[in-house]
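Notes follow once the structure below has been shown.
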Amino acid sequence: MNRIESLQKVLFITFLLAVAAISLVAYFAISNIVTEQSRHQQRTMLPVFSLIEEELLKPIHIAQALAGAEIFLPYMQEDADEQTLMMKLTRLEQQFDLVFFIASEKAKRQYHSNGEIRRLDSGDVQWYQRMKDDPDDLTLALGKREDVHLYVDIRQYDSSGQFLGFIGVGKPLDDFLHVFERYRLEHGYDFVFVNARNEILLTSLVQLSPSNQALLTLEDLDWYPHWQNNPPQHGSHSFLVNSAEQDTLITEIPIAAMNWRVFIIAPLEDRKHAMGKTFVINMLLLVCCLLILYWLTALLSKKFQRNVYQRINTDSLTGLSNRAHIDSVFQLFKEKQLPLSLVLADIDHFKSVNDTYGHNLGDQVIRAVAEQLSHGVREGDYVGRWGGEMMVGIG
């Protein structure tokens, strides 16, 4: 019964160790995959925020600073010093590497940092009336058909609230395309910027870039139905687009300062590769843990077997083989028809030792005789206690 209970304990401990190892590795596997997913998501998002800040919000901040400083209000009158105004605009272009312009309602002229002066009532300045009709004080729009620019237009008022015209900052579309291409090559994803009307104003996808023709919209993109079927959400969110060619993760990020949104289009092949690599590493870790657990189990099992074997086949008093073991060895020799020698030995007058000195001393005598017999055998010989003070040897 004790042996069965010991075996049950070993099996129970092994089971607990297996459960603990698998649970621990599964926890670390899930944790590593989540960490890798979060790290990849951060690597995707952070460059886009940097791009938005540097390429889009910076021109807006500059335009807002100029408008708030009101340094151009004196030049929006009919008798403005045009020469000084053009010098200021040229200096700003050289300093910030952006295009600057002033559109004066009273002078009916547009002053451009490249030296151009145009009349606002001429047929080639169609944007002005369109912007005047727009109630927003800050507007972003594409213009200059022959060389497309993104313009930031800010309305200007005098102290009495009278409309004076626009202060504007522009950036060539080609500049955006060069930056977008660098980001695409470096980070492996594309992006599409759309305004509140879902018009595509900026994108890293050359085939979707604005041109002299009408602007494309989200409805022109093949993944638009997937996006449309997603319930509207506030803030950044992602959705998966499955196609025969490849799966794509599209993340939508609102740009509140511009009332725009940017869609990050990330193919999942690289991400799947990274997740697969993490999965393989964790599976190898799991296999190693199971192999170690198997080794420990085998070690415990072998030790348990040795203990059980010793307890079954060993005489508790002398440490020699017991009668059952000697009998099994004898039967083995018989089955294999091996030659053998068998010696039986008995301690003379042992009963008188027990009667005179007691059984404890008698046990000591038996152990001493057993020890002497053990020292005198060869490798492969067996010495055992047959019963009482009788010893047996087989070899």
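Each chain of the structure tokens is named A, B, ... in the order shown, its residues numbered from 1; ligands are numbered from 1 in display order.
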
Would you list the contacts of Leu373 of chain A as a list in words, taking every protein, DNA or RNA residue within 12 Å and counting only C-alpha atoms, but skipping same-chain residues closer than 6 positions in sequence? Thr318, Gly319, Leu320, Val343, Leu344, Ala345, Asp346, Ile366, Arg367, Asp381, Tyr382, Val383, Gly384, Arg385, Met390, Met391, Val392, Gly393 and Ile394 of chain A

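Look at Ala107 of chain A: the protein and nucleic acid residues within 8 Å of it, using only C-alpha atoms and passing over chain neighbours fewer than 3 places away, are Met76, Gln77, Glu78, Asp79 and Ser104 of chain A.
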
Pairwise distance for atom CA of Glu186 of chain A and atom CA of Glu54 of chain A, rounded to one decimal in Å: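 Value for the atom CA of Glu186 of chain A-atom CA of Glu54 of chain A distance: 16.8 Å.
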
Assign secondary structure with DSSP using the backbone only, and return the residues of segment 131-273 of chain A in strand (DSSP E or B) as a PyMOL selection string. chain A and resi 138-143+149-157+163-172+190-194+199-203+217+237-241+248-255+260-267

For a quick check of understanding, using only C-alpha atoms, which of A:Leu140, A:Leu293, A:Val353, A:Ala298 has the smallest distance to Ala20 of chain A?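 Result for the nearest residue to Ala20 of chain A: A:Leu293.
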
Can you pull out the residues contacting Ala324 of chain A? Cut-off 10 Å, using only C-alpha atoms, and skip same-chain residues under 5 positions away; I want them as a PyMOL selection string. chain A and resi 312-315+329-330+384-386

For N, CA and C atoms, I'd like the residues from the last selection saved as a compact mmCIF listing (two decimals), in the first residue's frame.
```
# COMPACT_ATOMS: atom_id res chain seq x y z
N ILE A 312 11.58 -4.38 -2.09
CA ILE A 312 10.97 -5.68 -2.39
C ILE A 312 12.00 -6.81 -2.28
N ASN A 313 13.23 -6.55 -2.73
CA ASN A 313 14.22 -7.62 -2.87
C ASN A 313 15.30 -7.63 -1.78
N THR A 314 15.22 -6.76 -0.82
CA THR A 314 16.28 -6.65 0.17
C THR A 314 15.76 -7.03 1.55
N ASP A 315 16.57 -7.75 2.26
CA ASP A 315 16.26 -8.08 3.65
C ASP A 315 16.52 -6.86 4.52
N VAL A 329 16.39 -15.36 -8.68
CA VAL A 329 17.68 -15.50 -9.36
C VAL A 329 17.93 -16.98 -9.70
N PHE A 330 17.60 -17.86 -8.77
CA PHE A 330 17.79 -19.29 -9.00
C PHE A 330 16.94 -19.75 -10.19
N GLY A 384 22.38 -13.85 0.05
CA GLY A 384 21.11 -13.47 0.63
C GLY A 384 20.86 -14.16 1.94
N ARG A 385 19.82 -13.71 2.61
CA ARG A 385 19.39 -14.32 3.87
C ARG A 385 18.20 -15.21 3.55
N TRP A 386 18.38 -16.51 3.81
CA TRP A 386 17.32 -17.45 3.46
C TRP A 386 16.23 -17.47 4.53
```
